[in-house]
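Participant: Structure file model06.tsv (TSV, C-alpha atoms) is given on the next line.
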```tsv
chain	number	residue	atom	x	y	z
A	1	MET	CA	-67.01	47.15	-12.67
A	2	ALA	CA	-70.32	48.86	-13.43
A	3	PRO	CA	-71.62	51.48	-11.00
A	4	THR	CA	-73.48	50.20	-7.96
A	5	LEU	CA	-77.20	49.97	-8.72
A	6	ALA	CA	-79.62	51.77	-6.45
A	7	VAL	CA	-81.95	48.84	-5.90
A	8	SER	CA	-83.13	47.44	-2.61
A	9	PHE	CA	-84.87	44.13	-2.08
A	10	ASN	CA	-87.61	43.63	0.46
A	11	ASP	CA	-88.06	39.93	-0.11
A	12	SER	CA	-86.99	37.06	-2.32
A	13	SER	CA	-89.66	37.77	-4.95
A	14	ASP	CA	-88.01	41.18	-5.51
A	15	ILE	CA	-84.73	39.43	-6.27
A	16	THR	CA	-86.45	36.93	-8.59
A	17	ASP	CA	-88.10	39.82	-10.42
A	18	PHE	CA	-84.81	41.75	-10.71
A	19	VAL	CA	-82.71	38.77	-11.81
A	20	LEU	CA	-85.09	36.68	-13.88
A	21	LYS	CA	-87.80	38.99	-15.20
A	22	LYS	CA	-86.02	42.28	-15.69
A	23	GLY	CA	-83.02	40.76	-17.45
A	24	ASN	CA	-80.39	41.81	-14.93
A	25	GLY	CA	-79.25	38.26	-14.25
A	26	VAL	CA	-76.83	37.48	-11.45
A	27	LYS	CA	-74.43	39.88	-13.16
A	28	GLY	CA	-76.80	42.66	-12.09
A	29	LEU	CA	-76.74	41.37	-8.50
A	30	SER	CA	-72.95	41.11	-8.54
A	31	GLU	CA	-72.56	44.67	-9.76
A	32	MET	CA	-74.61	45.99	-6.86
A	33	GLY	CA	-71.71	45.11	-4.60
A	34	LEU	CA	-73.78	42.81	-2.38
A	35	GLU	CA	-72.02	41.95	0.85
A	36	SER	CA	-73.75	38.62	1.28
A	37	LEU	CA	-75.28	36.03	-0.99
A	38	PRO	CA	-79.09	36.16	-1.38
A	39	GLU	CA	-80.76	33.23	0.34
A	40	GLN	CA	-82.07	31.54	-2.80
A	41	TYR	CA	-78.48	31.02	-4.04
A	42	ILE	CA	-77.30	29.25	-0.89
A	43	GLN	CA	-76.76	25.61	-1.80
A	44	PRO	CA	-77.35	22.75	0.65
A	45	LEU	CA	-74.16	21.72	2.42
A	46	GLU	CA	-73.70	18.54	0.37
A	47	GLU	CA	-73.66	20.52	-2.90
A	48	ARG	CA	-70.96	22.98	-1.87
A	49	MET	CA	-67.37	22.51	-2.94
A	50	CYS	CA	-65.26	21.46	-0.01
A	51	ASP	CA	-61.46	21.74	-0.20
A	52	THR	CA	-61.01	18.30	1.29
A	53	LYS	CA	-62.70	16.77	-1.75
A	54	THR	CA	-60.46	18.36	-4.36
A	55	MET	CA	-57.36	16.69	-5.74
A	56	SER	CA	-54.69	18.99	-7.08
A	57	GLN	CA	-52.17	16.35	-8.08
A	58	GLU	CA	-54.34	14.73	-10.75
A	59	SER	CA	-55.47	16.26	-14.03
A	60	VAL	CA	-57.34	15.16	-17.14
A	61	PRO	CA	-55.22	14.18	-20.17
A	62	LEU	CA	-53.76	16.92	-22.37
A	63	ILE	CA	-53.45	15.64	-25.95
A	64	ASP	CA	-51.51	17.23	-28.80
A	65	ILE	CA	-53.60	16.39	-31.87
A	66	SER	CA	-51.40	18.01	-34.50
A	67	LYS	CA	-50.65	14.56	-36.00
A	68	TRP	CA	-54.01	12.90	-36.67
A	69	ASP	CA	-52.34	10.05	-38.56
A	70	ASP	CA	-50.29	9.01	-35.55
A	71	PRO	CA	-51.83	5.85	-34.00
A	72	GLU	CA	-50.67	7.08	-30.58
A	73	VAL	CA	-52.90	10.17	-30.91
A	74	ALA	CA	-55.95	7.99	-31.71
A	75	GLU	CA	-55.08	5.71	-28.80
A	76	ALA	CA	-54.76	8.65	-26.40
A	77	ILE	CA	-58.15	10.07	-27.48
A	78	CYS	CA	-59.96	6.74	-27.06
A	79	GLU	CA	-58.27	5.98	-23.76
A	80	ALA	CA	-59.21	9.43	-22.42
A	81	ALA	CA	-62.84	8.95	-23.52
A	82	GLU	CA	-62.97	5.52	-21.84
A	83	LYS	CA	-61.18	6.30	-18.57
A	84	TRP	CA	-61.81	9.98	-18.01
A	85	GLY	CA	-64.64	11.15	-20.25
A	86	PHE	CA	-62.74	14.46	-20.31
A	87	PHE	CA	-59.57	15.63	-22.02
A	88	GLN	CA	-57.95	18.82	-23.32
A	89	ILE	CA	-56.63	19.19	-26.86
A	90	ILE	CA	-53.91	21.50	-28.15
A	91	ASN	CA	-52.66	22.14	-31.70
A	92	HIS	CA	-56.20	21.45	-32.89
A	93	GLY	CA	-56.15	23.82	-35.84
A	94	VAL	CA	-58.75	26.32	-34.60
A	95	PRO	CA	-56.90	29.65	-34.82
A	96	ILE	CA	-56.16	31.33	-31.47
A	97	GLU	CA	-57.66	34.52	-32.93
A	98	VAL	CA	-61.01	32.75	-33.43
A	99	LEU	CA	-60.97	31.57	-29.81
A	100	GLU	CA	-60.06	35.02	-28.50
A	101	ASN	CA	-62.75	36.67	-30.65
A	102	VAL	CA	-65.52	34.47	-29.29
A	103	LYS	CA	-64.38	35.13	-25.71
A	104	GLU	CA	-64.41	38.86	-26.39
A	105	ALA	CA	-67.86	38.59	-28.02
A	106	THR	CA	-69.15	36.80	-24.90
A	107	HIS	CA	-68.01	39.72	-22.76
A	108	GLN	CA	-69.62	42.09	-25.28
A	109	PHE	CA	-72.99	40.36	-25.03
A	110	PHE	CA	-73.01	40.33	-21.23
A	111	GLY	CA	-71.87	43.96	-21.27
A	112	LEU	CA	-75.16	44.95	-22.95
A	113	SER	CA	-77.78	46.73	-20.88
A	114	ALA	CA	-80.42	44.67	-19.04
A	115	GLU	CA	-83.02	46.11	-21.47
A	116	GLU	CA	-81.09	44.72	-24.45
A	117	LYS	CA	-80.51	41.29	-22.92
A	118	ARG	CA	-84.14	41.13	-21.78
A	119	LYS	CA	-85.21	40.97	-25.44
A	120	TYR	CA	-83.85	37.43	-25.47
A	121	LEU	CA	-85.65	36.17	-22.36
A	122	LYS	CA	-88.01	33.24	-23.00
A	123	GLU	CA	-91.10	35.47	-23.03
A	124	PHE	CA	-89.70	37.99	-25.54
A	125	SER	CA	-87.14	36.15	-27.65
A	126	PRO	CA	-87.78	36.17	-31.41
A	127	SER	CA	-87.17	32.42	-31.43
A	128	ASN	CA	-87.15	29.39	-29.14
A	129	ASN	CA	-83.65	28.85	-30.48
A	130	VAL	CA	-82.28	32.03	-28.88
A	131	ARG	CA	-82.53	32.20	-25.12
A	132	PHE	CA	-81.02	34.46	-22.46
A	133	GLY	CA	-81.42	33.12	-18.94
A	134	THR	CA	-79.93	32.57	-15.55
A	135	SER	CA	-79.17	29.51	-13.39
A	136	PHE	CA	-80.18	26.18	-15.04
A	137	SER	CA	-83.85	25.48	-14.46
A	138	PRO	CA	-85.10	28.08	-11.94
A	139	GLU	CA	-88.61	26.59	-11.79
A	140	ALA	CA	-87.26	23.21	-10.68
A	141	GLU	CA	-84.34	24.28	-8.47
A	142	LYS	CA	-84.42	24.53	-4.69
A	143	ALA	CA	-81.26	26.67	-4.82
A	144	LEU	CA	-80.24	28.75	-7.82
A	145	GLU	CA	-76.87	28.62	-9.59
A	146	TRP	CA	-74.66	31.73	-9.86
A	147	LYS	CA	-74.56	31.92	-13.67
A	148	ASP	CA	-76.11	33.77	-16.61
A	149	TYR	CA	-76.13	32.39	-20.13
A	150	LEU	CA	-77.10	32.97	-23.73
A	151	SER	CA	-78.12	29.71	-25.39
A	152	LEU	CA	-78.14	29.51	-29.19
A	153	PHE	CA	-79.57	26.46	-30.97
A	154	TYR	CA	-78.10	26.24	-34.46
A	155	VAL	CA	-80.59	25.56	-37.24
A	156	SER	CA	-78.99	27.30	-40.20
A	157	GLU	CA	-76.60	30.10	-41.05
A	158	ASP	CA	-79.54	32.17	-42.32
A	159	GLU	CA	-81.56	31.85	-39.13
A	160	ALA	CA	-78.50	32.59	-36.99
A	161	SER	CA	-77.69	35.69	-39.07
A	162	ALA	CA	-81.27	36.92	-38.71
A	163	LEU	CA	-81.97	36.14	-35.05
A	164	TRP	CA	-78.76	35.81	-33.02
A	165	PRO	CA	-77.58	38.95	-31.20
A	166	SER	CA	-75.52	41.07	-33.62
A	167	VAL	CA	-72.88	41.76	-30.96
A	168	CYS	CA	-71.68	38.13	-30.98
A	169	LYS	CA	-73.18	36.17	-33.88
A	170	ASP	CA	-70.31	36.45	-36.39
A	171	GLN	CA	-67.67	35.40	-33.86
A	172	VAL	CA	-69.81	32.52	-32.58
A	173	LEU	CA	-70.57	31.22	-36.08
A	174	GLU	CA	-66.90	31.34	-37.03
A	175	TYR	CA	-65.94	29.42	-33.88
A	176	MET	CA	-68.61	26.78	-34.56
A	177	LYS	CA	-67.51	26.40	-38.18
A	178	ARG	CA	-63.82	26.04	-37.30
A	179	SER	CA	-64.43	23.61	-34.45
A	180	GLU	CA	-66.67	21.33	-36.55
A	181	ILE	CA	-63.60	20.07	-38.45
A	182	VAL	CA	-62.06	18.98	-35.12
A	183	VAL	CA	-65.32	17.36	-33.96
A	184	ARG	CA	-65.59	15.27	-37.13
A	185	LYS	CA	-62.02	14.03	-36.73
A	186	LEU	CA	-62.55	13.18	-33.07
A	187	LEU	CA	-65.77	11.29	-33.83
A	188	ASP	CA	-64.07	9.43	-36.65
A	189	VAL	CA	-61.37	8.22	-34.23
A	190	LEU	CA	-63.85	7.35	-31.49
A	191	MET	CA	-66.17	5.48	-33.88
A	192	LYS	CA	-63.38	3.37	-35.43
A	193	ASN	CA	-62.51	2.22	-31.92
A	194	LEU	CA	-66.12	0.96	-31.63
A	195	ASN	CA	-65.88	-0.88	-34.99
A	196	VAL	CA	-68.11	1.74	-36.62
A	197	THR	CA	-66.01	2.08	-39.73
A	198	GLU	CA	-67.91	4.83	-41.53
A	199	ILE	CA	-69.93	7.86	-40.44
A	200	ASP	CA	-72.55	7.82	-43.20
A	201	GLU	CA	-75.54	10.22	-43.36
A	202	THR	CA	-77.58	8.15	-40.91
A	203	LYS	CA	-74.74	7.96	-38.38
A	204	GLU	CA	-73.98	11.66	-38.87
A	205	SER	CA	-77.54	12.63	-37.92
A	206	LEU	CA	-77.33	10.29	-34.94
A	207	LEU	CA	-74.00	11.67	-33.71
A	208	MET	CA	-74.19	15.33	-34.67
A	209	GLY	CA	-77.66	16.07	-36.02
A	210	SER	CA	-78.06	19.18	-33.88
A	211	LYS	CA	-75.82	21.77	-32.24
A	212	ARG	CA	-76.22	24.27	-29.45
A	213	ILE	CA	-73.73	26.82	-28.21
A	214	ASN	CA	-73.91	28.57	-24.86
A	215	LEU	CA	-72.15	31.74	-23.81
A	216	ASN	CA	-71.80	31.41	-20.02
A	217	TYR	CA	-71.06	34.24	-17.61
A	218	TYR	CA	-70.09	33.65	-13.98
A	219	PRO	CA	-69.90	37.02	-12.22
A	220	ILE	CA	-67.96	37.77	-9.04
A	221	CYS	CA	-69.82	36.25	-6.10
A	222	PRO	CA	-69.95	37.66	-2.54
A	223	ASN	CA	-69.88	34.20	-0.84
A	224	PRO	CA	-68.54	31.77	-3.44
A	225	GLU	CA	-68.16	28.98	-0.86
A	226	LEU	CA	-71.94	28.92	-0.28
A	227	THR	CA	-73.09	28.46	-3.86
A	228	VAL	CA	-72.13	26.94	-7.25
A	229	GLY	CA	-71.58	28.30	-10.75
A	230	VAL	CA	-73.03	25.08	-12.16
A	231	GLY	CA	-74.21	22.12	-10.11
A	232	ARG	CA	-73.14	18.49	-10.54
A	233	HIS	CA	-74.28	17.05	-13.87
A	234	SER	CA	-73.18	15.23	-16.99
A	235	ASP	CA	-73.99	16.65	-20.42
A	236	VAL	CA	-76.70	15.09	-22.60
A	237	SER	CA	-74.62	15.63	-25.76
A	238	THR	CA	-72.61	13.28	-27.95
A	239	LEU	CA	-69.55	15.46	-27.37
A	240	THR	CA	-69.10	18.87	-25.75
A	241	VAL	CA	-66.42	21.24	-27.01
A	242	LEU	CA	-65.61	23.78	-24.29
A	243	LEU	CA	-63.61	26.96	-24.47
A	244	GLN	CA	-62.46	28.27	-21.08
A	245	ASP	CA	-60.98	31.65	-20.25
A	246	ASP	CA	-57.87	31.86	-18.05
A	247	ILE	CA	-59.73	32.08	-14.71
A	248	GLY	CA	-60.47	28.38	-14.12
A	249	GLY	CA	-63.21	26.80	-12.04
A	250	LEU	CA	-64.29	23.66	-13.91
A	251	TYR	CA	-64.05	20.45	-11.86
A	252	VAL	CA	-64.67	16.85	-12.93
A	253	ARG	CA	-65.53	13.87	-10.77
A	254	GLY	CA	-62.50	11.76	-9.85
A	255	ASN	CA	-62.24	8.61	-7.76
A	256	ASN	CA	-63.39	8.29	-4.16
A	257	ASP	CA	-65.81	11.21	-4.32
A	258	SER	CA	-63.00	13.63	-5.21
A	259	TRP	CA	-63.06	16.54	-7.66
A	260	ILE	CA	-60.28	17.34	-10.13
A	261	HIS	CA	-59.70	20.82	-11.52
A	262	VAL	CA	-59.44	21.22	-15.30
A	263	PRO	CA	-56.84	24.01	-15.45
A	264	PRO	CA	-57.01	26.56	-18.26
A	265	VAL	CA	-54.28	25.86	-20.83
A	266	ASN	CA	-53.59	28.64	-23.29
A	267	GLY	CA	-55.00	27.81	-26.74
A	268	SER	CA	-56.56	24.53	-25.59
A	269	ILE	CA	-60.11	23.26	-25.99
A	270	VAL	CA	-61.73	20.92	-23.46
A	271	ILE	CA	-63.59	17.91	-24.88
A	272	ASN	CA	-66.00	15.78	-22.91
A	273	VAL	CA	-68.15	12.77	-23.64
A	274	GLY	CA	-71.90	13.28	-23.20
A	275	ASP	CA	-74.63	10.86	-22.14
A	276	ALA	CA	-75.68	10.22	-25.76
A	277	LEU	CA	-72.23	8.84	-26.62
A	278	GLN	CA	-72.12	6.83	-23.39
A	279	ILE	CA	-75.41	5.22	-24.43
A	280	MET	CA	-74.36	4.62	-28.05
A	281	SER	CA	-71.04	3.11	-26.95
A	282	ASN	CA	-72.91	0.92	-24.44
A	283	GLY	CA	-70.95	2.50	-21.60
A	284	ARG	CA	-67.48	2.15	-23.08
A	285	TYR	CA	-67.09	5.93	-23.34
A	286	LYS	CA	-67.98	7.68	-20.09
A	287	SER	CA	-69.88	10.91	-19.61
A	288	ILE	CA	-68.50	12.23	-16.34
A	289	GLU	CA	-70.11	14.38	-13.72
A	290	HIS	CA	-68.68	17.89	-13.62
A	291	ARG	CA	-69.40	21.24	-11.98
A	292	VAL	CA	-68.24	24.85	-11.86
A	293	ILE	CA	-67.38	26.73	-8.69
A	294	ALA	CA	-68.32	30.35	-8.06
A	295	ASN	CA	-65.50	32.90	-7.85
A	296	GLY	CA	-65.09	35.67	-5.32
A	297	SER	CA	-62.58	37.80	-7.18
A	298	ASN	CA	-63.02	37.41	-10.96
A	299	ASN	CA	-65.76	37.33	-13.58
A	300	ARG	CA	-65.41	34.12	-15.58
A	301	ILE	CA	-66.77	33.07	-18.96
A	302	SER	CA	-66.92	29.78	-20.83
A	303	VAL	CA	-68.27	28.81	-24.25
A	304	PRO	CA	-69.45	25.21	-24.70
A	305	ILE	CA	-70.65	23.81	-28.01
A	306	PHE	CA	-72.94	20.82	-27.49
A	307	ILE	CA	-72.80	18.37	-30.40
A	308	ASN	CA	-76.02	16.37	-30.12
A	309	PRO	CA	-78.08	13.74	-31.92
A	310	GLY	CA	-80.95	15.18	-33.96
A	311	PRO	CA	-84.04	15.63	-31.70
A	312	SER	CA	-86.05	13.00	-33.61
A	313	GLU	CA	-83.24	10.40	-33.49
A	314	LYS	CA	-83.58	7.27	-31.39
A	315	ILE	CA	-80.42	6.52	-29.47
A	316	SER	CA	-79.30	3.10	-28.26
A	317	PRO	CA	-76.07	1.06	-28.27
A	318	PHE	CA	-74.60	0.69	-31.77
A	319	PRO	CA	-75.14	-2.77	-33.33
A	320	GLU	CA	-71.40	-2.83	-34.08
A	321	VAL	CA	-70.67	-2.59	-30.34
A	322	LEU	CA	-73.04	-5.45	-29.53
A	323	ALA	CA	-71.91	-7.63	-32.47
A	324	SER	CA	-69.47	-9.58	-30.30
A	325	GLY	CA	-72.29	-10.68	-27.99
A	326	GLU	CA	-71.97	-7.82	-25.50
A	327	LYS	CA	-75.25	-7.30	-23.66
A	328	ALA	CA	-77.00	-3.94	-24.13
A	329	VAL	CA	-77.02	-1.84	-20.96
A	330	TYR	CA	-79.29	0.84	-22.42
A	331	LYS	CA	-82.64	0.69	-24.18
A	332	GLU	CA	-83.65	2.73	-27.22
A	333	VAL	CA	-84.88	6.23	-26.30
A	334	LEU	CA	-86.08	9.15	-28.37
A	335	TYR	CA	-83.38	11.78	-27.96
A	336	SER	CA	-85.85	14.66	-27.53
A	337	ASP	CA	-87.50	12.73	-24.63
A	338	TYR	CA	-84.11	12.27	-23.00
A	339	VAL	CA	-83.35	16.00	-23.26
A	340	LYS	CA	-86.80	16.93	-21.94
A	341	HIS	CA	-86.22	14.71	-18.90
A	342	PHE	CA	-82.87	16.45	-18.26
A	343	PHE	CA	-84.31	19.97	-18.38
A	344	GLN	CA	-87.35	19.18	-16.21
A	345	LYS	CA	-85.26	18.86	-13.06
A	346	ALA	CA	-82.42	20.56	-11.25
A	347	HIS	CA	-78.84	19.40	-11.84
A	348	ASP	CA	-78.53	16.11	-9.98
A	349	GLY	CA	-75.30	14.40	-10.91
A	350	LYS	CA	-75.51	11.41	-13.21
A	351	THR	CA	-79.14	10.44	-12.59
A	352	THR	CA	-80.40	11.42	-16.07
A	353	ILE	CA	-78.72	8.35	-17.58
A	354	GLU	CA	-81.05	6.12	-15.53
A	355	PHE	CA	-83.79	7.21	-17.96
A	356	ALA	CA	-82.14	5.04	-20.65
A	357	LYS	CA	-81.00	2.10	-18.49
A	358	ILE	CA	-82.53	-1.30	-19.18
```
As structure tokens - that is how I would like this structure written.
Facilitator:
Amino acid sequence: MAPTLAVSFNDSSDITDFVLKKGNGVKGLSEMGLESLPEQYIQPLEERMCDTKTMSQESVPLIDISKWDDPEVAEAICEAAEKWGFFQIINHGVPIEVLENVKEATHQFFGLSAEEKRKYLKEFSPSNNVRFGTSFSPEAEKALEWKDYLSLFYVSEDEASALWPSVCKDQVLEYMKRSEIVVRKLLDVLMKNLNVTEIDETKESLLMGSKRINLNYYPICPNPELTVGVGRHSDVSTLTVLLQDDIGGLYVRGNNDSWIHVPPVNGSIVINVGDALQIMSNGRYKSIEHRVIANGSNNRISVPIFINPGPSEKISPFPEVLASGEKAVYKEVLYSDYVKHFFQKAHDGKTTIEFAKI
């Protein structure tokens, strides 16, 4: 734990200045040893995680994908994408060392001084594709989320080498490169189940034309029961590939308004369906609401890779899905418009998908 900072706050604008503008993030607040949560992080009652709503006996599927040729593996992947929208994979071929290195690099980045991290704030960052921030969309939120992040939009290896923070770029690039092999195999399986027999160049741009990776940091929170690490939302991606540490805290929406914990499994990667794939599959694959709780005793990190359509792609249900006469549930939307709509508001469950509904 870093030494307690000698900072006092007279009002909420002081906290905003300290957290958002000076680059301290909520990590800086946490390290001050606050005894109570600042007011702007207190979530309305309905957004807090209540024990009565959690279900410990259920969990998302855990799939061993060491045998890609096994029809049972393909069946398990497709069934998980249809019923759950979330599953964990083991024996995926990404070396444990690569996973551990990217976790360590995440801690290294967030261990930098506020002055160093501040260089990557929106106002100072060398590129729109490299962004250090806190919460989700502070301008739009009534209550802030207890999370800091570094968001890296991948354009090319050259740009990443030149502009991404040196303390983590090599480890992050290696993780992205290794996980892409897994993503392609998963998409191949999921597409065949939709009668999309080949992922040609056009389909590739539609499914995975852009990539973003986030390094997320959830510091120890003085009143975790009053706030959230991340509010209820579904991702806007095609697929999200998530690396958790061993702390836990990710919950997905179950039946009857319940929440199911996705427990950390050593060496596993969490996969979830995003809104773009729900739209392209005409609702067959489900993007599920999920959230992250705040933690009162441990700092937690997670590293999601968002596999997205290219920004200029138009997404709509695949013709192959509608070929049997199935009626389209979603209209065609420009992917960049969909993403813009998502980021203009606070996290609000599954409402973003309404933007594409017919």
Participant: Skip Met49 (chain A) itself and residues of its chain fewer than 2 positions away, then list as a list of chain:residue names all residues within 10 Å of it, counting all atoms listed in the file.
Facilitator: A:Gln43, A:Leu45, A:Glu46, A:Glu47, A:Asp51, A:Thr52, A:Lys53, A:Thr54, A:Pro224, A:Glu225, A:Leu226, A:Thr227, A:Val228, A:Gly231, A:Tyr251, A:Trp259, A:Arg291, A:Val292, A:Ile293, A:Ala294
Participant: Please report the interatomic distance between CA of Ile181 (chain A) and CA of Val273 (chain A) in Å with one decimal.
Facilitator: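 That distance, rounded to one decimal, is 17.1 Å.
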Participant: Hey, could you pull the box centre and edge lengths for region 194-208 of chain A, axis-aligned, 4 Å padding per side, all listed atoms, to one decimal in Å, as AutoDock Vina command-line options?
Facilitator:
```
--center_x -71.7 --center_y 7.2 --center_z -37.5 --size_x 19.7 --size_y 24.2 --size_z 19.7
```
Participant: In Å, how far is it from CA of Lys27 (chain A) to CA of Pro44 (chain A)?
Facilitator: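 Taking CA of Lys27 (chain A) as the start and CA of Pro44 (chain A) as the end point, the length is 22.2 Å.
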Participant: Need the shell around Leu173 (chain A): protein/DNA/RNA residues with any atom at most 9 Å away, counting all atoms listed in the file. Skip same-chain ones fewer than 3 positions apart. Format as an mmCIF file with C-alpha atoms, in the frame of the given file?
Facilitator:
```
data_model
loop_
_atom_site.group_PDB
_atom_site.id
_atom_site.type_symbol
_atom_site.label_atom_id
_atom_site.label_comp_id
_atom_site.auth_asym_id
_atom_site.auth_seq_id
_atom_site.Cartn_x
_atom_site.Cartn_y
_atom_site.Cartn_z
ATOM 1 C CA GLU A 157 -76.600 30.100 -41.050
ATOM 2 C CA ALA A 160 -78.500 32.590 -36.990
ATOM 3 C CA SER A 161 -77.690 35.690 -39.070
ATOM 4 C CA CYS A 168 -71.680 38.130 -30.980
ATOM 5 C CA LYS A 169 -73.180 36.170 -33.880
ATOM 6 C CA ASP A 170 -70.310 36.450 -36.390
ATOM 7 C CA MET A 176 -68.610 26.780 -34.560
ATOM 8 C CA LYS A 177 -67.510 26.400 -38.180
ATOM 9 C CA ARG A 178 -63.820 26.040 -37.300
#
```
Participant: Counting all atoms listed in the file, which of A:Val329, A:Leu29, A:Ile220, A:Leu242 gets nearest to Ile305 (chain A)?
Facilitator: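 Comparing A:Val329, A:Leu29, A:Ile220, A:Leu242 against Ile305 (chain A), the winner is A:Leu242.
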Participant: Determine, counting all atoms listed in the file, which protein, DNA and RNA residues have an atom within 9 Å of an atom of region 185-193 of chain A; residues of the same chain fewer than 2 positions away are not included. Present the result as a list in words.
Facilitator: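 Listing them by chain and then by number gives Trp68, Ala74, Glu75, Ile77, Cys78, Ala81, Glu180, Ile181, Val182, Val183, Asn195, Val196, Thr197, Glu198, Ile199, Leu207, Leu239, Ser281 and Tyr285 of chain A.
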Participant: Let me make sure I understand: among A:Ile315, A:Val94, A:Val262, A:Val60, which one has the smallest atom-to-atom distance to Leu334 (chain A) if we use all atoms listed in the file?
Facilitator: A:Ile315
